[in-house]
>>> print(open('entry-v9.cif').read())   # mmCIF, C-alpha atoms
data_input
loop_
_atom_site.label_atom_id
_atom_site.label_comp_id
_atom_site.auth_asym_id
_atom_site.auth_seq_id
_atom_site.Cartn_x
_atom_site.Cartn_y
_atom_site.Cartn_z
CA MET A 14 19.66 -7.53 15.00
CA PRO A 15 17.12 -9.69 16.86
CA LEU A 16 15.85 -8.66 20.28
CA GLN A 17 17.53 -11.72 21.78
CA ASN A 18 20.89 -9.89 21.72
CA ILE A 19 19.82 -8.28 24.95
CA LEU A 20 23.31 -7.62 26.33
CA THR A 21 24.39 -5.71 23.22
CA LEU A 22 21.20 -3.66 23.15
CA ASN A 23 21.25 -2.84 26.84
CA ASN A 24 24.91 -1.93 26.60
CA LEU A 25 24.24 0.57 23.81
CA VAL A 26 21.34 2.10 25.74
CA GLU A 27 23.43 2.39 28.90
CA LYS A 28 26.24 4.04 26.93
CA ARG A 29 23.69 6.39 25.34
CA ASP A 30 25.03 5.44 21.91
CA LEU A 31 21.86 6.16 19.93
CA GLU A 32 23.53 6.21 16.52
CA ALA A 33 25.07 2.78 17.02
CA LEU A 34 21.69 1.46 18.16
CA LYS A 35 19.98 2.86 15.05
CA GLN A 36 22.47 1.11 12.79
CA LEU A 37 21.32 -2.26 14.12
CA VAL A 38 17.69 -1.75 13.07
CA PHE A 39 16.34 -2.32 9.55
CA PRO A 40 12.72 -2.38 8.34
CA VAL A 41 11.30 -5.69 7.14
CA TYR A 42 7.99 -6.49 5.49
CA ARG A 43 5.34 -7.17 8.13
CA ASN A 44 2.21 -9.24 7.64
CA GLN A 45 -0.16 -6.67 9.13
CA ASN A 46 -3.04 -7.62 11.37
CA HIS A 47 -6.16 -5.58 10.60
CA THR A 48 -8.63 -7.58 12.70
CA LEU A 49 -10.59 -5.67 15.34
CA THR A 50 -11.87 -8.56 17.43
CA PHE A 51 -9.31 -8.13 20.22
CA ARG A 52 -10.62 -8.06 23.80
CA SER A 53 -7.50 -7.14 25.78
CA ALA A 54 -5.10 -4.37 24.80
CA LEU A 55 -1.93 -4.79 26.88
CA MET A 56 0.55 -1.95 27.41
CA VAL A 57 4.17 -2.95 26.76
CA SER A 58 7.11 -0.76 27.81
CA THR A 59 9.26 0.05 24.78
CA HIS A 60 12.29 1.14 26.82
CA ASN A 61 12.64 -2.31 28.41
CA VAL A 62 14.30 -4.91 26.17
CA LYS A 63 13.20 -7.80 28.41
CA HIS A 64 9.58 -6.75 28.05
CA LEU A 65 9.88 -6.49 24.28
CA MET A 66 11.42 -9.97 24.10
CA LYS A 67 8.23 -11.39 25.62
CA ILE A 68 6.01 -10.13 22.77
CA PRO A 69 5.60 -13.53 21.02
CA THR A 70 4.57 -15.26 24.27
CA LEU A 71 2.25 -12.62 25.73
CA ASN A 72 -1.36 -13.80 25.89
CA ALA A 73 -3.03 -10.51 24.92
CA GLU A 74 -4.70 -10.26 21.54
CA CYS A 75 -3.53 -6.66 21.09
CA LEU A 76 -0.25 -5.15 22.29
CA ILE A 77 0.22 -1.41 22.76
CA LEU A 78 3.92 -0.58 22.38
CA ASN A 79 4.05 2.50 24.55
CA LEU A 80 6.29 5.47 23.78
CA GLU A 81 4.29 8.00 25.81
CA ASP A 82 3.45 7.86 29.54
CA GLY A 83 5.95 5.93 31.65
CA VAL A 84 8.87 6.60 29.32
CA SER A 85 11.08 9.43 30.55
CA PRO A 86 12.16 12.19 28.13
CA GLU A 87 15.73 10.88 28.30
CA GLU A 88 14.65 7.35 27.37
CA LYS A 89 12.24 8.23 24.56
CA PRO A 90 14.80 8.30 21.68
CA TYR A 91 16.10 4.86 22.66
CA ALA A 92 12.57 3.53 23.24
CA LEU A 93 11.64 4.59 19.70
CA VAL A 94 14.49 2.59 18.14
CA LEU A 95 13.77 -0.42 20.36
CA CYS A 96 10.12 -0.18 19.33
CA ALA A 97 11.15 -0.32 15.68
CA LEU A 98 13.35 -3.31 16.46
CA ALA A 99 10.40 -5.07 18.12
CA LEU A 100 8.31 -4.54 14.98
CA ALA A 101 11.09 -5.79 12.70
CA SER A 102 11.62 -8.82 14.95
CA ASN A 103 7.96 -9.85 14.67
CA PRO A 104 7.06 -9.77 10.96
CA VAL A 105 4.42 -12.48 11.41
CA ILE A 106 2.58 -12.71 14.71
CA ASP A 107 -0.86 -13.70 15.98
CA LYS A 108 -1.30 -10.39 17.82
CA LYS A 109 -2.27 -6.91 16.76
CA ILE A 110 0.61 -4.52 17.41
CA VAL A 111 -0.28 -0.88 18.00
CA VAL A 112 2.28 1.83 18.77
CA ARG A 113 1.18 4.64 21.07
CA VAL A 114 3.32 7.60 20.07
CA ASN A 115 3.62 10.89 21.93
CA ALA A 116 1.33 13.82 21.24
CA LEU A 117 1.91 15.26 17.77
CA ASP A 118 3.54 18.45 19.09
CA GLU A 119 5.57 16.56 21.69
CA GLY A 120 7.62 14.31 19.42
CA GLY A 121 4.79 12.34 17.86
CA VAL A 122 5.31 13.73 14.37
CA GLU A 123 8.94 12.61 14.24
CA GLU A 124 8.06 9.22 15.76
CA ILE A 125 5.38 8.58 13.13
CA ILE A 126 7.71 9.51 10.27
CA TYR A 127 10.34 7.10 11.62
CA LEU A 128 7.91 4.24 12.34
CA ASN A 129 6.06 4.26 9.03
CA ALA A 130 8.79 2.13 7.44
CA PHE A 131 8.41 -0.50 10.19
CA MET A 132 4.71 -1.07 9.47
CA PRO A 133 2.97 -1.32 12.85
CA ASP A 134 -0.61 -2.54 12.52
CA ALA A 135 -1.82 0.76 13.95
CA ILE A 136 -0.52 4.00 15.40
CA ARG A 137 -2.38 5.44 18.38
CA ILE A 138 -2.42 9.21 18.78
CA PRO A 139 -2.82 10.68 22.28
CA LYS A 140 -4.03 14.12 23.37
CA ILE A 141 -6.31 14.61 20.35
CA ARG A 142 -8.18 17.92 20.69
CA SER A 143 -9.71 18.65 17.28
CA VAL A 144 -10.59 17.36 13.85
CA GLU A 145 -7.52 19.24 12.62
CA ASP A 146 -5.36 17.04 14.85
CA VAL A 147 -6.92 13.97 13.27
CA LYS A 148 -6.37 15.32 9.74
CA ARG A 149 -2.74 15.96 10.59
CA ALA A 150 -2.30 12.42 11.90
CA LEU A 151 -3.90 10.95 8.78
CA GLU A 152 -1.52 12.90 6.57
CA LEU A 153 1.50 11.69 8.53
CA ILE A 154 0.65 8.01 8.95
CA ASP A 155 1.23 5.68 6.02
CA GLU A 156 -2.04 4.65 4.32
CA GLY A 157 -1.46 0.98 5.09
CA ILE A 158 -1.39 1.63 8.84
CA GLU A 159 -4.56 1.97 10.92
CA VAL A 160 -5.15 5.13 12.94
CA HIS A 161 -6.32 4.78 16.55
CA LEU A 162 -7.17 7.73 18.82
CA SER A 163 -6.96 8.26 22.57
CA ILE A 164 -10.00 10.10 23.91
CA GLU A 165 -8.57 11.86 26.95
CA THR A 166 -9.11 15.61 26.55
CA LYS A 167 -12.25 17.68 27.09
CA GLU A 168 -12.08 18.86 23.47
CA ALA A 169 -11.95 15.29 22.13
CA TRP A 170 -14.92 14.44 24.35
CA LEU A 171 -16.94 17.34 22.98
CA HIS A 172 -16.08 16.41 19.38
CA LEU A 173 -16.33 12.62 19.86
CA GLY A 174 -18.94 12.19 17.14
CA GLU A 175 -16.94 14.25 14.63
CA LEU A 176 -13.46 12.72 14.81
CA ALA A 177 -14.00 9.64 12.60
CA ILE A 178 -13.34 11.52 9.38
CA SER A 179 -11.72 8.57 7.59
CA PRO A 180 -12.35 4.81 7.35
CA ARG A 181 -8.71 4.40 8.39
CA ILE A 182 -9.72 5.39 11.93
CA LYS A 183 -10.51 2.07 13.57
CA ALA A 184 -10.45 2.40 17.37
CA TYR A 185 -10.92 4.88 20.22
CA TYR A 186 -9.39 4.31 23.66
CA LEU A 187 -10.97 5.98 26.69
CA GLY A 188 -8.25 7.68 28.77
CA ILE A 189 -10.33 8.30 31.85
CA LEU A 190 -7.64 9.59 34.23
CA ASP A 191 -6.36 12.20 31.78
CA LEU A 192 -9.93 13.16 30.88
CA PHE A 193 -10.85 13.76 34.50
CA ALA A 194 -7.69 15.79 35.03
CA ASP A 195 -8.50 17.91 31.96
CA LEU A 196 -12.04 18.45 33.26
CA GLY A 197 -10.80 19.39 36.72
CA LEU A 198 -12.68 16.48 38.30
CA SER A 199 -11.50 14.23 41.11
CA GLN A 200 -10.60 10.77 39.86
CA GLY A 201 -12.22 9.44 43.01
CA LEU A 202 -15.61 10.22 41.46
CA PHE A 203 -15.12 7.55 38.83
CA THR A 204 -16.63 4.53 40.57
CA PRO A 205 -18.86 1.74 39.21
CA ASP A 206 -21.86 3.05 41.19
CA ASN A 207 -21.68 6.72 40.22
CA PRO A 208 -24.39 7.71 37.67
CA MET A 209 -21.81 9.98 36.02
CA THR A 210 -19.68 6.90 35.38
CA HIS A 211 -22.56 5.18 33.63
CA TYR A 212 -23.13 8.27 31.50
CA ILE A 213 -19.45 8.54 30.50
CA LEU A 214 -19.15 4.86 29.57
CA SER A 215 -22.47 4.67 27.73
CA HIS A 216 -21.88 7.92 25.82
CA PHE A 217 -18.39 6.80 24.82
CA LEU A 218 -19.63 3.36 23.77
CA ILE A 219 -22.70 4.42 21.80
CA THR A 220 -21.11 7.42 20.09
CA THR A 221 -18.00 5.46 19.14
CA ARG A 222 -20.00 2.56 17.72
CA ALA A 223 -22.28 4.96 15.86
CA CYS A 224 -19.15 6.31 14.17
CA GLY A 225 -18.21 2.80 13.05
CA VAL A 226 -15.19 2.72 15.38
CA LYS A 227 -14.19 0.13 18.00
CA PRO A 228 -14.50 1.41 21.59
CA VAL A 229 -11.79 0.26 24.03
CA SER A 230 -12.55 0.92 27.69
CA PHE A 231 -10.13 2.51 30.14
CA VAL A 232 -7.11 0.90 31.82
CA TYR A 233 -7.75 -0.15 35.41
CA GLN A 234 -4.56 0.90 37.17
CA GLU A 235 -4.81 -1.31 40.28
CA TYR A 236 -3.34 -4.32 38.52
CA LYS A 237 -3.19 -6.44 41.69
CA ASN A 238 -6.86 -5.86 42.54
CA SER A 239 -8.64 -8.62 40.60
CA ASP A 240 -11.91 -8.12 42.44
CA GLY A 241 -11.95 -4.43 41.53
CA LEU A 242 -11.24 -5.19 37.87
CA ARG A 243 -13.91 -7.89 37.80
CA ARG A 244 -16.47 -5.41 39.12
CA TRP A 245 -15.68 -2.98 36.31
CA LEU A 246 -15.72 -5.72 33.69
CA GLU A 247 -19.15 -6.94 34.77
CA LEU A 248 -20.51 -3.41 34.38
CA GLU A 249 -18.81 -2.88 31.01
CA LYS A 250 -19.97 -6.21 29.60
CA THR A 251 -23.54 -5.42 30.65
CA MET A 252 -23.26 -2.12 28.78
CA GLY A 253 -21.96 -3.76 25.60
CA PHE A 254 -18.17 -3.28 25.75
CA ASN A 255 -15.99 -6.08 24.41
CA ALA A 256 -12.48 -4.62 24.78
CA LYS A 257 -10.44 -3.03 27.56
CA GLY A 258 -6.93 -1.70 28.02
CA CYS A 259 -4.69 -3.28 30.66
CA ILE A 260 -1.21 -3.19 32.15
CA SER A 261 -0.53 -6.75 33.30
CA PRO A 262 -0.84 -10.32 31.95
CA SER A 263 -3.11 -11.25 34.88
CA GLN A 264 -5.54 -8.54 33.79
CA VAL A 265 -5.46 -9.96 30.25
CA GLU A 266 -6.76 -13.32 31.44
CA LEU A 267 -9.67 -11.79 33.34
CA ILE A 268 -10.61 -9.44 30.50
CA ASP A 269 -10.53 -12.18 27.85
CA GLU A 270 -12.53 -14.52 30.07
CA THR A 271 -15.20 -11.90 30.80
CA PHE A 272 -15.59 -10.71 27.23
CA ASP A 273 -15.53 -14.18 25.74
CA SER A 274 -18.80 -15.06 24.01
CA SER A 275 -20.29 -18.23 25.47
CA GLU A 276 -20.68 -21.32 23.35
CA PHE A 277 -24.46 -21.06 23.76
CA GLU A 278 -24.52 -17.44 22.59
CA LEU A 279 -22.38 -18.26 19.55
CA ALA A 280 -24.44 -21.32 18.68
CA ARG A 281 -27.66 -19.28 18.99
CA ALA A 282 -26.27 -16.53 16.73
CA CYS A 283 -25.11 -19.02 14.10
CA GLU A 284 -28.51 -20.71 14.01
CA ILE A 285 -30.37 -17.39 13.73
CA ILE A 286 -28.10 -16.36 10.84
CA ARG A 287 -28.69 -19.69 9.11
CA LEU A 288 -32.47 -19.50 9.56
CA PHE A 289 -32.78 -15.88 8.46
CA GLU A 290 -30.68 -16.38 5.33
CA GLU A 291 -32.64 -19.52 4.47
CA TYR A 292 -36.00 -17.70 4.79
CA ALA A 293 -34.67 -14.54 3.10
CA SER A 294 -33.71 -16.59 0.05
CA ARG A 295 -37.46 -17.30 -0.26
CA GLY A 296 -38.36 -13.65 0.19
CA ILE A 297 -39.40 -13.98 3.87
CA THR A 298 -37.65 -11.56 6.25
CA GLY A 299 -39.87 -11.96 9.32
CA PHE A 300 -40.91 -15.29 10.83
CA VAL A 301 -41.37 -17.15 14.15
CA ASP A 302 -39.02 -19.93 15.22
CA GLU A 303 -40.03 -22.38 17.97
CA ARG A 304 -36.73 -21.95 19.85
CA TYR A 305 -35.77 -18.31 19.29
CA GLY A 306 -39.10 -16.57 18.80
CA PHE A 307 -39.66 -13.86 16.20
CA ILE A 308 -36.69 -13.33 13.87
CA ASP A 309 -36.39 -10.39 11.50
CA GLU A 310 -33.58 -8.32 10.01
CA PRO A 311 -32.64 -6.45 13.25
CA ILE A 312 -32.41 -9.80 15.09
CA TYR A 313 -30.29 -11.15 12.22
CA LYS A 314 -27.96 -8.14 12.37
CA GLY A 315 -27.61 -8.63 16.12
CA ALA A 316 -26.56 -12.23 15.54
CA LEU A 317 -24.01 -11.10 12.98
CA ALA A 318 -22.59 -8.66 15.55
CA VAL A 319 -22.11 -11.50 18.04
CA ILE A 320 -20.14 -13.49 15.47
CA ASN A 321 -18.09 -10.52 14.27
CA ASN A 322 -17.17 -9.44 17.80
CA ARG A 323 -16.27 -12.86 19.20
#
>>> encode(input="entry-v9.cif", output="structure tokens")
Amino acid sequence: MPLQNILTLNNLVEKRDLEALKQLVFPVYRNQNHTLTFRSALMVSTHNVKHLMKIPTLNAECLILNLEDGVSPEEKPYALVLCALALASNPVIDKKIVVRVNALDEGGVEEIIYLNAFMPDAIRIPKIRSVEDVKRALELIDEGIEVHLSIETKEAWLHLGELAISPRIKAYYLGILDLFADLGLSQGLFTPDNPMTHYILSHFLITTRACGVKPVSFVYQEYKNSDGLRRWLELEKTMGFNAKGCISPSQVELIDETFDSSEFELARACEIIRLFEEYASRGITGFVDERYGFIDEPIYKGALAVINNR
């Protein structure tokens, strides 16, 4: 059944007829999206049929179908089936679709087993605390599905450099509010000017990238405060971030605009790549260009990073 049959779906949810709802959902082959160039990662409520219907028209490059926070225990079984329906209703789409399940010991195991057949592009695991948690997730999640991790516990923070035990692990998301709560710190300390903030963001960014994983910065909860979000984005872009979680379409626009590589930067990178490869074919890997100065392999790799992250 397509999501457009909103009255039927809502009626079954209101009647709490979970078995009838399940009978309407069948897996279909999905053309999975394994690109990692997304800038905005927008949370989408899986217990709201109207929100799920908007998936094809949402402007975010990555959608996080959320089964965890914000979904009440009573709604979670229905949200899971509606999430599967959303996946089946979008077999080909120009967005990356990630499902954030519940913690493994809080229903996540059963959710993963059910969702494997519906082929999300990635499954995001919250409340990771150890390498053993990651191993367990890898065993549960189908090999064709990416594994993403939420970094939001003090244990995950301590083991940040050790969690990427498989090439299937593609992205880490910084859950700053949960992390502060787990550390017993006031969330009010997390401001753009606090040196501790700079340490947290830089450590997360550098360690994650060193592991070969995509770092996604924290969700800014004040979705109506564009000036506040812009201030964070300016700091994050300066540090080297190129992706951020969000909770509203208006945040998506600002994030994508801020993290968009300029035409000049892209043109410069393309020309450096062309020049280096031309010289390298003649055995020269270090030379001076009139426009861009000295170019060697590290400069070339930096230009490749600009192209790959655009």
>>> closest_residue(input="entry-v9.cif", among="A:Leu78, A:Leu196, A:Ala280, A:Ile164", to="Val229 (chain A)", atoms="all atoms listed in the file")
A:Ile164
>>> resolve_selection(input="entry-v9.cif", expression="the PyMOL selection byres ((chain A and resi 110-113) around 7)", output="MDAnalysis selection string")
chainID A and resid 75:81 108:109 114:115 133:138
>>> resolve_selection(input="entry-v9.cif", expression="the PyMOL selection byres ((chain A and resi 129) around 10)", output="PyMOL selection string")
chain A and resi 40+97+124-128+130-133+135-136+153-158
>>> resolve_selection(input="entry-v9.cif", expression="the PyMOL selection byres ((chain A and resi 215-224) around 8)", output="MDAnalysis selection string")
chainID A and resid 173:174 177 185 187 211:214 225:228 252:254
>>> residues_around(input="entry-v9.cif", residues="Ile106 (chain A)", least_positions_apart="6", cutoff="9 Å", atoms="all atoms listed in the file", output="ChimeraX atom specification")
/A:44-46,69
>>> write_last_selection(input="entry-v9.cif", atoms="C-alpha atoms", output="PDB file, in the coordinates of the input")
ATOM      1  CA  ASN A  44       2.210  -9.240   7.640  1.00  0.00           C
ATOM      2  CA  GLN A  45      -0.160  -6.670   9.130  1.00  0.00           C
ATOM      3  CA  ASN A  46      -3.040  -7.620  11.370  1.00  0.00           C
ATOM      4  CA  PRO A  69       5.600 -13.530  21.020  1.00  0.00           C
TER       5      PRO A  69
END
>>> closest_residue(input="entry-v9.cif", among="A:Thr21, A:Asn255, A:Ser102, A:Asn61", to="Ala33 (chain A)", atoms="only C-alpha atoms")
A:Thr21
>>> residues_around(input="entry-v9.cif", residues="Glu284 (chain A)", least_positions_apart="4", cutoff="12 Å", atoms="all atoms listed in the file", output="PyMOL selection string")
chain A and resi 277-280+288-291+302+304-305+308+312-313+316-317+319-320
>>> write_last_selection(input="entry-v9.cif", atoms="C-alpha atoms", output="mmCIF file, in the coordinates of the input")
data_model
loop_
_atom_site.group_PDB
_atom_site.id
_atom_site.type_symbol
_atom_site.label_atom_id
_atom_site.label_comp_id
_atom_site.auth_asym_id
_atom_site.auth_seq_id
_atom_site.Cartn_x
_atom_site.Cartn_y
_atom_site.Cartn_z
ATOM 1 C CA PHE A 277 -24.460 -21.060 23.760
ATOM 2 C CA GLU A 278 -24.520 -17.440 22.590
ATOM 3 C CA LEU A 279 -22.380 -18.260 19.550
ATOM 4 C CA ALA A 280 -24.440 -21.320 18.680
ATOM 5 C CA LEU A 288 -32.470 -19.500 9.560
ATOM 6 C CA PHE A 289 -32.780 -15.880 8.460
ATOM 7 C CA GLU A 290 -30.680 -16.380 5.330
ATOM 8 C CA GLU A 291 -32.640 -19.520 4.470
ATOM 9 C CA ASP A 302 -39.020 -19.930 15.220
ATOM 10 C CA ARG A 304 -36.730 -21.950 19.850
ATOM 11 C CA TYR A 305 -35.770 -18.310 19.290
ATOM 12 C CA ILE A 308 -36.690 -13.330 13.870
ATOM 13 C CA ILE A 312 -32.410 -9.800 15.090
ATOM 14 C CA TYR A 313 -30.290 -11.150 12.220
ATOM 15 C CA ALA A 316 -26.560 -12.230 15.540
ATOM 16 C CA LEU A 317 -24.010 -11.100 12.980
ATOM 17 C CA VAL A 319 -22.110 -11.500 18.040
ATOM 18 C CA ILE A 320 -20.140 -13.490 15.470
#
>>> closest_residue(input="entry-v9.cif", among="A:Thr166, A:Glu247, A:Lys140, A:Ala318", to="Glu119 (chain A)", atoms="only C-alpha atoms")
A:Lys140
>>> atom_distance(input="entry-v9.cif", atom1="CA of Ala194 (chain A)", atom2="CA of Gln234 (chain A)")
15.4 Å
>>> closest_residue(input="entry-v9.cif", among="A:Arg52, A:Leu98, A:Pro262, A:Glu27", to="Lys250 (chain A)", atoms="only C-alpha atoms")
A:Arg52
>>> atom_distance(input="entry-v9.cif", atom1="CA of His64 (chain A)", atom2="CA of Pro104 (chain A)")
17.5 Å
>>> atom_distance(input="entry-v9.cif", atom1="CA of Ile68 (chain A)", atom2="CA of Arg29 (chain A)")
24.3 Å
>>> axis_aligned_box(input="entry-v9.cif", around="region 39-52 of chain A", padding_each_side="4 Å", output="AutoDock Vina command-line options")
--center_x 2.2 --center_y -5.8 --center_z 14.6 --size_x 36.2 --size_y 14.9 --size_z 26.3
>>> closest_residue(input="entry-v9.cif", among="A:Glu266, A:Ser163, A:Pro205, A:Pro139", to="Arg244 (chain A)", atoms="only C-alpha atoms")
A:Pro205
>>> residues_around(input="entry-v9.cif", residues="region 198-201 of chain A", least_positions_apart="5", cutoff="12 Å", atoms="only C-alpha atoms", output="list of chain:residue names")
A:Lys167, A:Gly188, A:Ile189, A:Leu190, A:Asp191, A:Leu192, A:Phe193, A:Asp206, A:Asn207, A:Met209, A:Thr210, A:Gln234
>>> closest_residue(input="entry-v9.cif", among="A:Val265, A:Leu100, A:Met56, A:Asn24", to="Phe39 (chain A)", atoms="all atoms listed in the file")
A:Leu100
>>> residues_near_point(input="entry-v9.cif", point="(-34.7, -11.4, 7.5)", cutoff="6 Å", atoms="all atoms listed in the file", output="ChimeraX atom specification")
/A:289,293,298-299,309-310
>>> residues_around(input="entry-v9.cif", residues="region 236-239 of chain A", least_positions_apart="5", cutoff="9 Å", atoms="only C-alpha atoms", output="NGL selection string")
:A and (244 or 259-261 or 263-264 or 267)
>>> write_last_selection(input="entry-v9.cif", atoms="C-alpha atoms", output="tab-separated table (two decimals), in the frame of the given file")
chain	number	residue	atom	x	y	z
A	244	ARG	CA	-16.47	-5.41	39.12
A	259	CYS	CA	-4.69	-3.28	30.66
A	260	ILE	CA	-1.21	-3.19	32.15
A	261	SER	CA	-0.53	-6.75	33.30
A	263	SER	CA	-3.11	-11.25	34.88
A	264	GLN	CA	-5.54	-8.54	33.79
A	267	LEU	CA	-9.67	-11.79	33.34
>>> residues_near_point(input="entry-v9.cif", point="(-18.1, 16.0, 9.9)", cutoff="12 Å", atoms="only C-alpha atoms", output="PyMOL selection string")
chain A and resi 143-145+147-148+172-179+224
>>> build_atoms(input="entry-v9.cif", residues="region 147-172 of chain A", atoms="N, CA and C atoms", output="compact mmCIF listing (two decimals), keeping the file's coordinate frame")
# COMPACT_ATOMS: atom_id res chain seq x y z
N VAL A 147 -6.70 15.25 13.94
CA VAL A 147 -6.92 13.97 13.27
C VAL A 147 -6.46 14.05 11.81
N LYS A 148 -6.80 15.14 11.13
CA LYS A 148 -6.37 15.32 9.74
C LYS A 148 -4.84 15.30 9.64
N ARG A 149 -4.20 15.93 10.58
CA ARG A 149 -2.74 15.96 10.59
C ARG A 149 -2.17 14.56 10.76
N ALA A 150 -2.76 13.79 11.67
CA ALA A 150 -2.30 12.42 11.90
C ALA A 150 -2.49 11.57 10.65
N LEU A 151 -3.63 11.71 9.99
CA LEU A 151 -3.90 10.95 8.78
C LEU A 151 -2.91 11.26 7.67
N GLU A 152 -2.50 12.50 7.59
CA GLU A 152 -1.52 12.90 6.57
C GLU A 152 -0.15 12.31 6.86
N LEU A 153 0.17 12.17 8.14
CA LEU A 153 1.50 11.69 8.53
C LEU A 153 1.63 10.17 8.45
N ILE A 154 0.58 9.47 8.82
CA ILE A 154 0.65 8.01 8.95
C ILE A 154 0.45 7.35 7.60
N ASP A 155 1.30 6.40 7.29
CA ASP A 155 1.23 5.68 6.02
C ASP A 155 -0.17 5.08 5.83
N GLU A 156 -0.67 5.08 4.61
CA GLU A 156 -2.04 4.65 4.32
C GLU A 156 -2.30 3.19 4.68
N GLY A 157 -1.27 2.38 4.74
CA GLY A 157 -1.46 0.98 5.09
C GLY A 157 -1.54 0.72 6.58
N ILE A 158 -1.40 1.76 7.39
CA ILE A 158 -1.39 1.63 8.84
C ILE A 158 -2.68 2.22 9.41
N GLU A 159 -3.35 1.47 10.28
CA GLU A 159 -4.56 1.97 10.92
C GLU A 159 -4.26 3.15 11.82
N VAL A 160 -5.28 3.99 12.03
CA VAL A 160 -5.15 5.13 12.94
C VAL A 160 -6.10 4.90 14.12
N HIS A 161 -5.54 4.90 15.32
CA HIS A 161 -6.32 4.78 16.55
C HIS A 161 -6.16 6.08 17.35
N LEU A 162 -7.20 6.46 18.08
CA LEU A 162 -7.17 7.73 18.82
C LEU A 162 -7.43 7.50 20.30
N SER A 163 -6.69 8.23 21.14
CA SER A 163 -6.96 8.26 22.57
C SER A 163 -7.93 9.40 22.85
N ILE A 164 -9.02 9.09 23.53
CA ILE A 164 -10.00 10.10 23.91
C ILE A 164 -9.75 10.45 25.36
N GLU A 165 -9.03 11.55 25.60
CA GLU A 165 -8.57 11.86 26.95
C GLU A 165 -8.50 13.35 27.23
N THR A 166 -9.05 14.17 26.33
CA THR A 166 -9.11 15.61 26.55
C THR A 166 -10.57 16.06 26.48
N LYS A 167 -10.87 17.19 27.11
CA LYS A 167 -12.25 17.68 27.09
C LYS A 167 -12.69 18.05 25.68
N GLU A 168 -11.74 18.52 24.85
CA GLU A 168 -12.08 18.86 23.47
C GLU A 168 -12.44 17.61 22.66
N ALA A 169 -11.66 16.54 22.84
CA ALA A 169 -11.95 15.29 22.13
C ALA A 169 -13.32 14.76 22.56
N TRP A 170 -13.62 14.89 23.84
CA TRP A 170 -14.92 14.44 24.35
C TRP A 170 -16.06 15.22 23.69
N LEU A 171 -15.90 16.51 23.59
CA LEU A 171 -16.94 17.34 22.98
C LEU A 171 -17.12 17.04 21.50
N HIS A 172 -16.04 16.65 20.82
CA HIS A 172 -16.08 16.41 19.38
C HIS A 172 -16.09 14.90 19.05
